[in-house]
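Take a look at the structure below.
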Amino acid sequence: MTHELPSRYQPADIERDLYQWWMDRGDFRARTDGTQRPYVIMMPPPNVTDRLHMGHGLNNTIQDVLIRFERMRGREVLWLPGTDHAGIATQNVVERLLAKEGLTRFDLGREAFVDRVWQHVHDTGATILEQLKALGASCDWSRTYFTLDEGLSRAVRESFVRLYQKGLIYRGNYIINWCPRCLTALSNEEAEKKDVAGKLWHLQYPLADGSGHVTVATTRPETMLGDTAVAVHPDDERFGSLVGQLIDLPLTGRQIPIVADEGVDPGFGTGAVKVTPAHDPLDFDIGQRHGLEPIVVLDEQGRVSDDAPEEFRGLDRFEARELVVARFGELGLLEKIEPHQHAVGHCYRCGTVVEPRLSEQWFVKMAPLAAPALEAYRDGRLTFLPKRRGEDYTQWLEGIRDWCISRQLWWGHRIPVWYCDRPGCDSPIHVSPTALENCPSCGGSLRQDDDVLDTWFSSWLLPFSSLGWPDETADLAKFYPGDVLATAPEILFFWVARMIMAGLEFKGQVPFSTIYLHGTVRDTQHRKMSKSLGNGIDPLEVVDRYGADALRYTVVSGMAVGTDLILDPDDLDSSFAVGRNFANKLWNIGRFVLGNLPEPVRPLTGTRPDVVSHDELTVADRWILARCEETVVTATRAYQQLRLNEAATTIYHFIWSDLADWYLEQIKPRLLGDAPGGDVARAVVAQTFDVALRLLHPVTPFITETLWRRFPGRPADASIGVAPWPQTDRRAIDPEAAAAFAMVQELVTAVRTIRAEYGVTPGRSVPIWVSHRHPAFEEECGTIQLLAKVETLNFGEHPEEPGGHAVLSDGTSVFLPLGDAIDIERECARLGSEHDRLAQLIAGQERKLANEKFLTRAPAEVVETERRKLAAWREQAAVLGQKRQLLGCS
């Protein structure tokens with residue numbers, strides 16, 4: 001392969017072809033017959049509803065970094081990709097497409113509608129996989145799954161049957177979360193709570209005996225049409241004499257009792273609560289305890305049902321609310337209305353306000369499954385990053401409620417339950433992992449349950465269903481359980497906790513040992529990026545403009561564990577500048593290094609006769625080798641601890657600062673000129689740059705592969721992705737060289753600072769005086785002269801003339817005479833003008849801060865800001881005074 005590189009880095013010219021080369025090599029495929037220890041990550045499957053967003057870009061980059069790191073460390077790596085059928089989300093997308101054609105799913109019928117969804121999925125699913133490849137995802141694409149594939153569907157049916165046979169799945173009539181827009185039940189987790197500025201209506205309910213009234217407070221007055229009682233706490237003395245009495249329920253013509261129940265919070269509202277068993281979970285429980293008949297007054301579409309008074313029938317729930325409140329006002333029974341901030345459930349897919357509603361649904365008993373999942377965390381089998389997420393996990397499991405798993409949709413896994421409608425059949429319900437044609441009990445015809453399962457019911461099985469379960473496959477034996485799950489914190493309860501429960505229930509092991517819940521991508525106003533806000537970033541647009549590596553480095557380096565990633569959707573150039581600039585810098589370093597490496601390069605270790613000996617190394621050589629060793633140790637530890645931003649920035653500083661800014665500049669006379677030791681410098685830079693590229697490869701795979709393959713002597717079929725991870729070498733640790741070169745760096749920096757402060761022309765060489773004769777200064781005199789533009793390095797007392805001074809950390813003083821370097825008279829005039837300007841500012845500020853009216857009337861933070869200004873100006877004036885004194889200004 002040619003060593004020559006184009007003058008500019010053009011990622012579009014290399015990324016696509018390079019990715020195909022990786023694919024052709026088969027480096028991403030995991031083997032079941034190898035002896036290497038497996039390392040497994042299961043990709044959180046993106047929904048087949050749309051293109052990838054920046055959250056996917058972040059999440060999949062994190063996973064790929066871990067996968068590439070462990071692949072280079074010799075593990076048998078499996079990153080398992082797939083896509084999710086996303087029942088309610090995908091059905092909503094296709095229904096909106098149909099609406100543009102003037103159609104509904106009911107116009108098509110179930111079978112035709114499902115066919116239409118499959119067409120959509122085939123289009124979007126393939127697009128998503130190609131987008132993941134553009135990001136550099138090194139998945140084992142040969143094992144790609146879709147959650148409605150037949151194999152995974154079989155696993156879903158099998159798990160349902162097993163749980164049903166154990167009594168952990170049941171059908172019941174309970175209060176569930178209902179979406180009137182999607183026309184389906186939702187789990188508690190899918191009814192997302194949002195704070196709403198609502199109202200609290202205080203309604204008077206007259207006592208039947210005419211002796212007075214009871215006031216109830218409610219946020220949903222329309223549901224009073226279905227009230228069947230008023231409840232008070234048994235210990236609430238305000239209502240003790242009223243328990244057992246009847247109330248004339250306004251607008252309905254019905255009488256309802258006053259009951260005592262410990263479920264009532266006496267501190268809410270008036271302490272008396274209306275009880276609507278068909279439309280509130282707490283009320284349902286109260287109704288069960290007191291034998292109250294539920295009345296369903298809101299139908300599936302959120303409209304008032306025929307079981308309500310005729311005046312309200314057919315009204316939308318919010319229209320009914322207004323009318324109920326108006327009627328109470330007309331009757332003189334509306335006591336007051338208060339503003340009330342409270343949490344209201346919204347459908348996690350369409351955003352509609354959820355309606356608690358009595359409905360017959362299928363449920364999973366969660367408490368028996370939650371107990372072992374909680375124990376797995378407490379005994380250390382599970383680790384959360386950040387650690388605080390473990391407490392969120394614990395609290396949710398401790399208060400877990402049964403999971404409503406049936407959905408009134410057409411797209412998804414059909415519930416594997418069949419019903420026999422033949423009169424007299426002694427066993428009319430049948431649960432089976434395979435389709436049934438006739439009733440096993442009576443031979444009659446069967447109809448399958450119309451509902452589908454919650455999307456998460458298939459997703460919670462993925463760690464093992466994607467590997468072939470319920471069959472005992474080679475993949476399952478080799479790759480279960482996995483290692484790390486990297487995902488967003490918002491699906492901790494939807495998915496993560498449930499996968500742990502399923503893994504323990506069906507496989508007896510947790511599906512992964514580490515759960516990394518990374519931050520969220522937000523805009524500069526700290527809002528989560530979303531379509532509705534219009535503040536999203538298309539990761540593929542970023543890849544097209546700056547390359548995948550620029551995106552990857554930006555997101556990895558910009559997000560520490562437990563923090564969010566802030567990007568500006570209106571300024572992509574600034575948002576991804578750090579990644580783009582680093583890629584360009586790395587390319588230019590590579591062009592310089594590779595353009596100056598002969599073939600072959602002398603080795604630093606080994607048995608070859610031309611191996612570089614320790615005595616041939618300069619202080620700078622030994623220093624960069626020691627810094628390289630420190631970087632290997634620090635970066636490797638950071639990767640292992642999933643502190644990926646620390647790994648990325650550690651390597652960045654080594655490459656940009658240590659290698660490029662210092663070592664490469666130091667060795668240019670040896671590489672490009674006649675200075676001795678050029679072959680040694682080439683050996684050192686070849687090794688350190690090779691190590692740096694391997695350390696960086698998990699984060700920026702494309703550019704590191706491109707540069708690494710162009711090293712002299714590299715076989716054409718070699719790939720950095722399967723090259724061995726850099727090993728630590730304690731022989732490279734060299735405290736003496738580290739301390740010596742640190743002194744050189746400090747001196748060079750001090751001289752550069754003096755030159756900048758006094759405006760010395762950049763190209764002009766100047767003499768300097770150093771008070772102490774440090775061995776490193778003598779050995780690296782050439783380095784100091786080169787990097788600080790020093791003409792002569794003198795030791796001892798400096799001459800008595802105008803100049804710039806600095807003191808190093810060990811007390812060594814540095815002097816740079818300025819008489820010949822700058823126009824002292826002109827510089828004195830400039831400093832004098834600046835000093836006069838500061839004096840005027842200081843005087844004015846002192847007058848302001850001496851003004852009692854300002855001090856008493858201005859806010860404290862304003863006064864403090866003005867005081868800080870005065871202190872800063874005084875400090876600047878003192879520095880200017882010192883400079884004028886050093887220059888001998890009058």
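Chain identifiers are assigned as A, B, and so on, following the order in which chains appear in the structure tokens; residues are numbered from 1 within each chain, and ligands are numbered from 1 in order of appearance.
Residues with any atom within 7 Å of range 404-417 of chain A, counting only C-alpha atoms and excluding same-chain neighbours fewer than 2 positions away, are A:Gly87, A:Gln91, A:Arg110, A:Val114, A:Ser153, A:Arg157, A:Leu183, A:Thr184, A:Ala185, A:Leu186, A:Ser187, A:Gln361, A:Trp362, A:Phe363, A:Val364, A:Asp402, A:Tyr419, A:Ile429, A:His430, A:Val431, A:Ser432, A:Pro433, A:Gln448, A:Asp449, A:Asp451, A:Val452, A:Leu453, A:Asp454.
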* Check range 128-304 of chain A with DSSP on the backbone and list each residue it calls strand (DSSP E), as number ranges by chain. => A: 145-146, 169-179, 184-186, 191-206, 213-218, 229-232, 246-249, 254-260, 273-275
Would you mind exporting C-alpha atoms of the selected residues as a PDB file, in the first residue's frame?
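Once written, again.pdb looks like this:
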ATOM      1  CA  TYR A 145     -33.009  -9.951  13.857  1.00  0.00           C
ATOM      2  CA  PHE A 146     -36.417  -8.298  13.653  1.00  0.00           C
ATOM      3  CA  ILE A 169     -50.377 -14.390  33.315  1.00  0.00           C
ATOM      4  CA  TYR A 170     -54.070 -13.789  33.881  1.00  0.00           C
ATOM      5  CA  ARG A 171     -57.002 -11.986  32.346  1.00  0.00           C
ATOM      6  CA  GLY A 172     -58.940  -9.545  34.467  1.00  0.00           C
ATOM      7  CA  ASN A 173     -61.225  -6.538  34.589  1.00  0.00           C
ATOM      8  CA  TYR A 174     -59.133  -3.733  36.080  1.00  0.00           C
ATOM      9  CA  ILE A 175     -58.419  -0.068  35.732  1.00  0.00           C
ATOM     10  CA  ILE A 176     -55.888   0.419  32.968  1.00  0.00           C
ATOM     11  CA  ASN A 177     -54.422   3.402  31.142  1.00  0.00           C
ATOM     12  CA  TRP A 178     -56.390   3.932  27.946  1.00  0.00           C
ATOM     13  CA  CYS A 179     -55.393   6.096  24.973  1.00  0.00           C
ATOM     14  CA  THR A 184     -55.496   0.750  23.121  1.00  0.00           C
ATOM     15  CA  ALA A 185     -54.510  -0.036  26.669  1.00  0.00           C
ATOM     16  CA  LEU A 186     -51.111   1.160  27.895  1.00  0.00           C
ATOM     17  CA  ALA A 191     -48.563   6.556  30.413  1.00  0.00           C
ATOM     18  CA  GLU A 192     -45.908   9.229  30.797  1.00  0.00           C
ATOM     19  CA  LYS A 193     -46.572  11.674  33.619  1.00  0.00           C
ATOM     20  CA  LYS A 194     -46.343  15.359  32.730  1.00  0.00           C
ATOM     21  CA  ASP A 195     -46.876  18.280  35.083  1.00  0.00           C
ATOM     22  CA  VAL A 196     -49.979  20.203  34.067  1.00  0.00           C
ATOM     23  CA  ALA A 197     -51.352  23.502  35.341  1.00  0.00           C
ATOM     24  CA  GLY A 198     -54.864  22.220  35.966  1.00  0.00           C
ATOM     25  CA  LYS A 199     -57.739  23.063  38.257  1.00  0.00           C
ATOM     26  CA  LEU A 200     -59.275  21.625  41.392  1.00  0.00           C
ATOM     27  CA  TRP A 201     -63.056  21.901  41.363  1.00  0.00           C
ATOM     28  CA  HIS A 202     -64.846  21.844  44.752  1.00  0.00           C
ATOM     29  CA  LEU A 203     -68.301  20.341  44.216  1.00  0.00           C
ATOM     30  CA  GLN A 204     -71.080  20.191  46.806  1.00  0.00           C
ATOM     31  CA  TYR A 205     -72.980  16.895  47.113  1.00  0.00           C
ATOM     32  CA  PRO A 206     -76.271  17.366  49.060  1.00  0.00           C
ATOM     33  CA  HIS A 213     -73.827  18.734  52.036  1.00  0.00           C
ATOM     34  CA  VAL A 214     -70.387  17.195  51.608  1.00  0.00           C
ATOM     35  CA  THR A 215     -67.828  18.998  49.458  1.00  0.00           C
ATOM     36  CA  VAL A 216     -65.531  16.917  47.301  1.00  0.00           C
ATOM     37  CA  ALA A 217     -62.532  18.171  45.334  1.00  0.00           C
ATOM     38  CA  THR A 218     -61.715  16.721  41.913  1.00  0.00           C
ATOM     39  CA  ALA A 229     -69.889   6.602  46.658  1.00  0.00           C
ATOM     40  CA  VAL A 230     -68.125   9.317  48.626  1.00  0.00           C
ATOM     41  CA  ALA A 231     -65.266   8.060  50.799  1.00  0.00           C
ATOM     42  CA  VAL A 232     -63.641   9.519  53.924  1.00  0.00           C
ATOM     43  CA  LEU A 246     -76.745   8.748  51.589  1.00  0.00           C
ATOM     44  CA  ILE A 247     -76.042  11.522  49.134  1.00  0.00           C
ATOM     45  CA  ASP A 248     -78.237  12.791  46.320  1.00  0.00           C
ATOM     46  CA  LEU A 249     -75.731  12.729  43.459  1.00  0.00           C
ATOM     47  CA  ARG A 254     -79.059   8.528  41.914  1.00  0.00           C
ATOM     48  CA  GLN A 255     -78.277   8.175  45.606  1.00  0.00           C
ATOM     49  CA  ILE A 256     -74.830   6.994  46.727  1.00  0.00           C
ATOM     50  CA  PRO A 257     -73.451   6.110  50.191  1.00  0.00           C
ATOM     51  CA  ILE A 258     -70.709   7.714  52.289  1.00  0.00           C
ATOM     52  CA  VAL A 259     -68.142   5.034  53.171  1.00  0.00           C
ATOM     53  CA  ALA A 260     -65.035   4.975  55.384  1.00  0.00           C
ATOM     54  CA  VAL A 273     -63.327  12.064  47.857  1.00  0.00           C
ATOM     55  CA  LYS A 274     -65.740  11.089  45.139  1.00  0.00           C
ATOM     56  CA  VAL A 275     -65.474   7.395  44.216  1.00  0.00           C
TER      57      VAL A 275
END
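Each of A:Pro372, A:Gly590, A:Pro701, A:Pro81 was checked against Ile41 in chain A using only C-alpha atoms; the smallest atom-to-atom distance is that of A:Pro81.
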* To do: Within 7 Å of range 816-818 of chain A, counting only C-alpha atoms, which residues show up once you throw out same-chain ones fewer than 6 positions away? Write them as a ChimeraX atom specification, please.
  => /A:767-769,801-805
* Identify which of the residues A:Asn851, A:Gln63, A:Thr127, A:Asn438 lies closest to Cys139 in chain A, counting only C-alpha atoms when measuring atom-to-atom distances. => A:Gln63
* **Test item, helix (DSSP H, G or I) assignment across range 635-786 of chain A, answer as a PyMOL selection string** => chain A and resi 635-640+644-672+678-696+701-708+720-722+730-732+735-758+775-779+781-786
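Ranking A:Thr434, A:Thr783, A:Asn535, A:Thr276 by their shortest atom-to-atom distance to Leu292 in chain A, with only C-alpha atoms included, puts A:Thr276 first.
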Which residues of range 157-202 of chain A have any atom within 8 Å of an atom in range 484-506 of chain A when counting only C-alpha atoms, and what is the closest pair of atoms for each, with the distance in Å to one decimal? Order the rows by chain and rising number and write it as a Markdown table.
| residue | atom | partner | partner_atom | distance |
| --- | --- | --- | --- | --- |
| A:Ser159 | CA | A:Phe506 | CA | 7.9 |
| A:Glu189 | CA | A:Phe494 | CA | 6.2 |
| A:Glu190 | CA | A:Phe494 | CA | 7.8 |
* Asked: What's the 10 Å shell around Arg313 in chain A, counting only C-alpha atoms, without same-chain residues fewer than 6 positions away, as a PyMOL selection string?
  -> chain A and resi 297-298+303-307+320
* To do: Extract, using only C-alpha atoms, all DNA, RNA and protein residues at most 9 Å from Leu707 in chain A, discarding same-chain residues fewer than 4 positions from it, and format them as number ranges by chain.
  => A: 3, 5, 587, 590-591, 594, 693, 702-703, 711
* To do: For each of A:Thr223, A:Glu875, A:Gly558, A:Val619, take the minimum atom-to-atom distance to Phe777 in chain A, counting only C-alpha atoms, then give the residue where this is smallest.
  => A:Val619
* Structure fact -> Pairwise distance, CA of Pro440 in chain A with CA of Phe160 in chain A, equals 19.0 Å
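Reported to one decimal place, the separation of CA of Arg378 in chain A from CA of Thr394 in chain A is 8.9 Å.
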* To do: Select, from A:Ser613, A:Gln845, A:Thr700, A:Asn588, the residue with the minimum atom-to-atom distance to Val680 in chain A, counting only C-alpha atoms.
  => A:Ser613
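Proximity of A:Cys347, A:Ile128, A:Leu78, A:Leu163 to Leu476 in chain A, computed with only C-alpha atoms, is greatest for A:Leu78.
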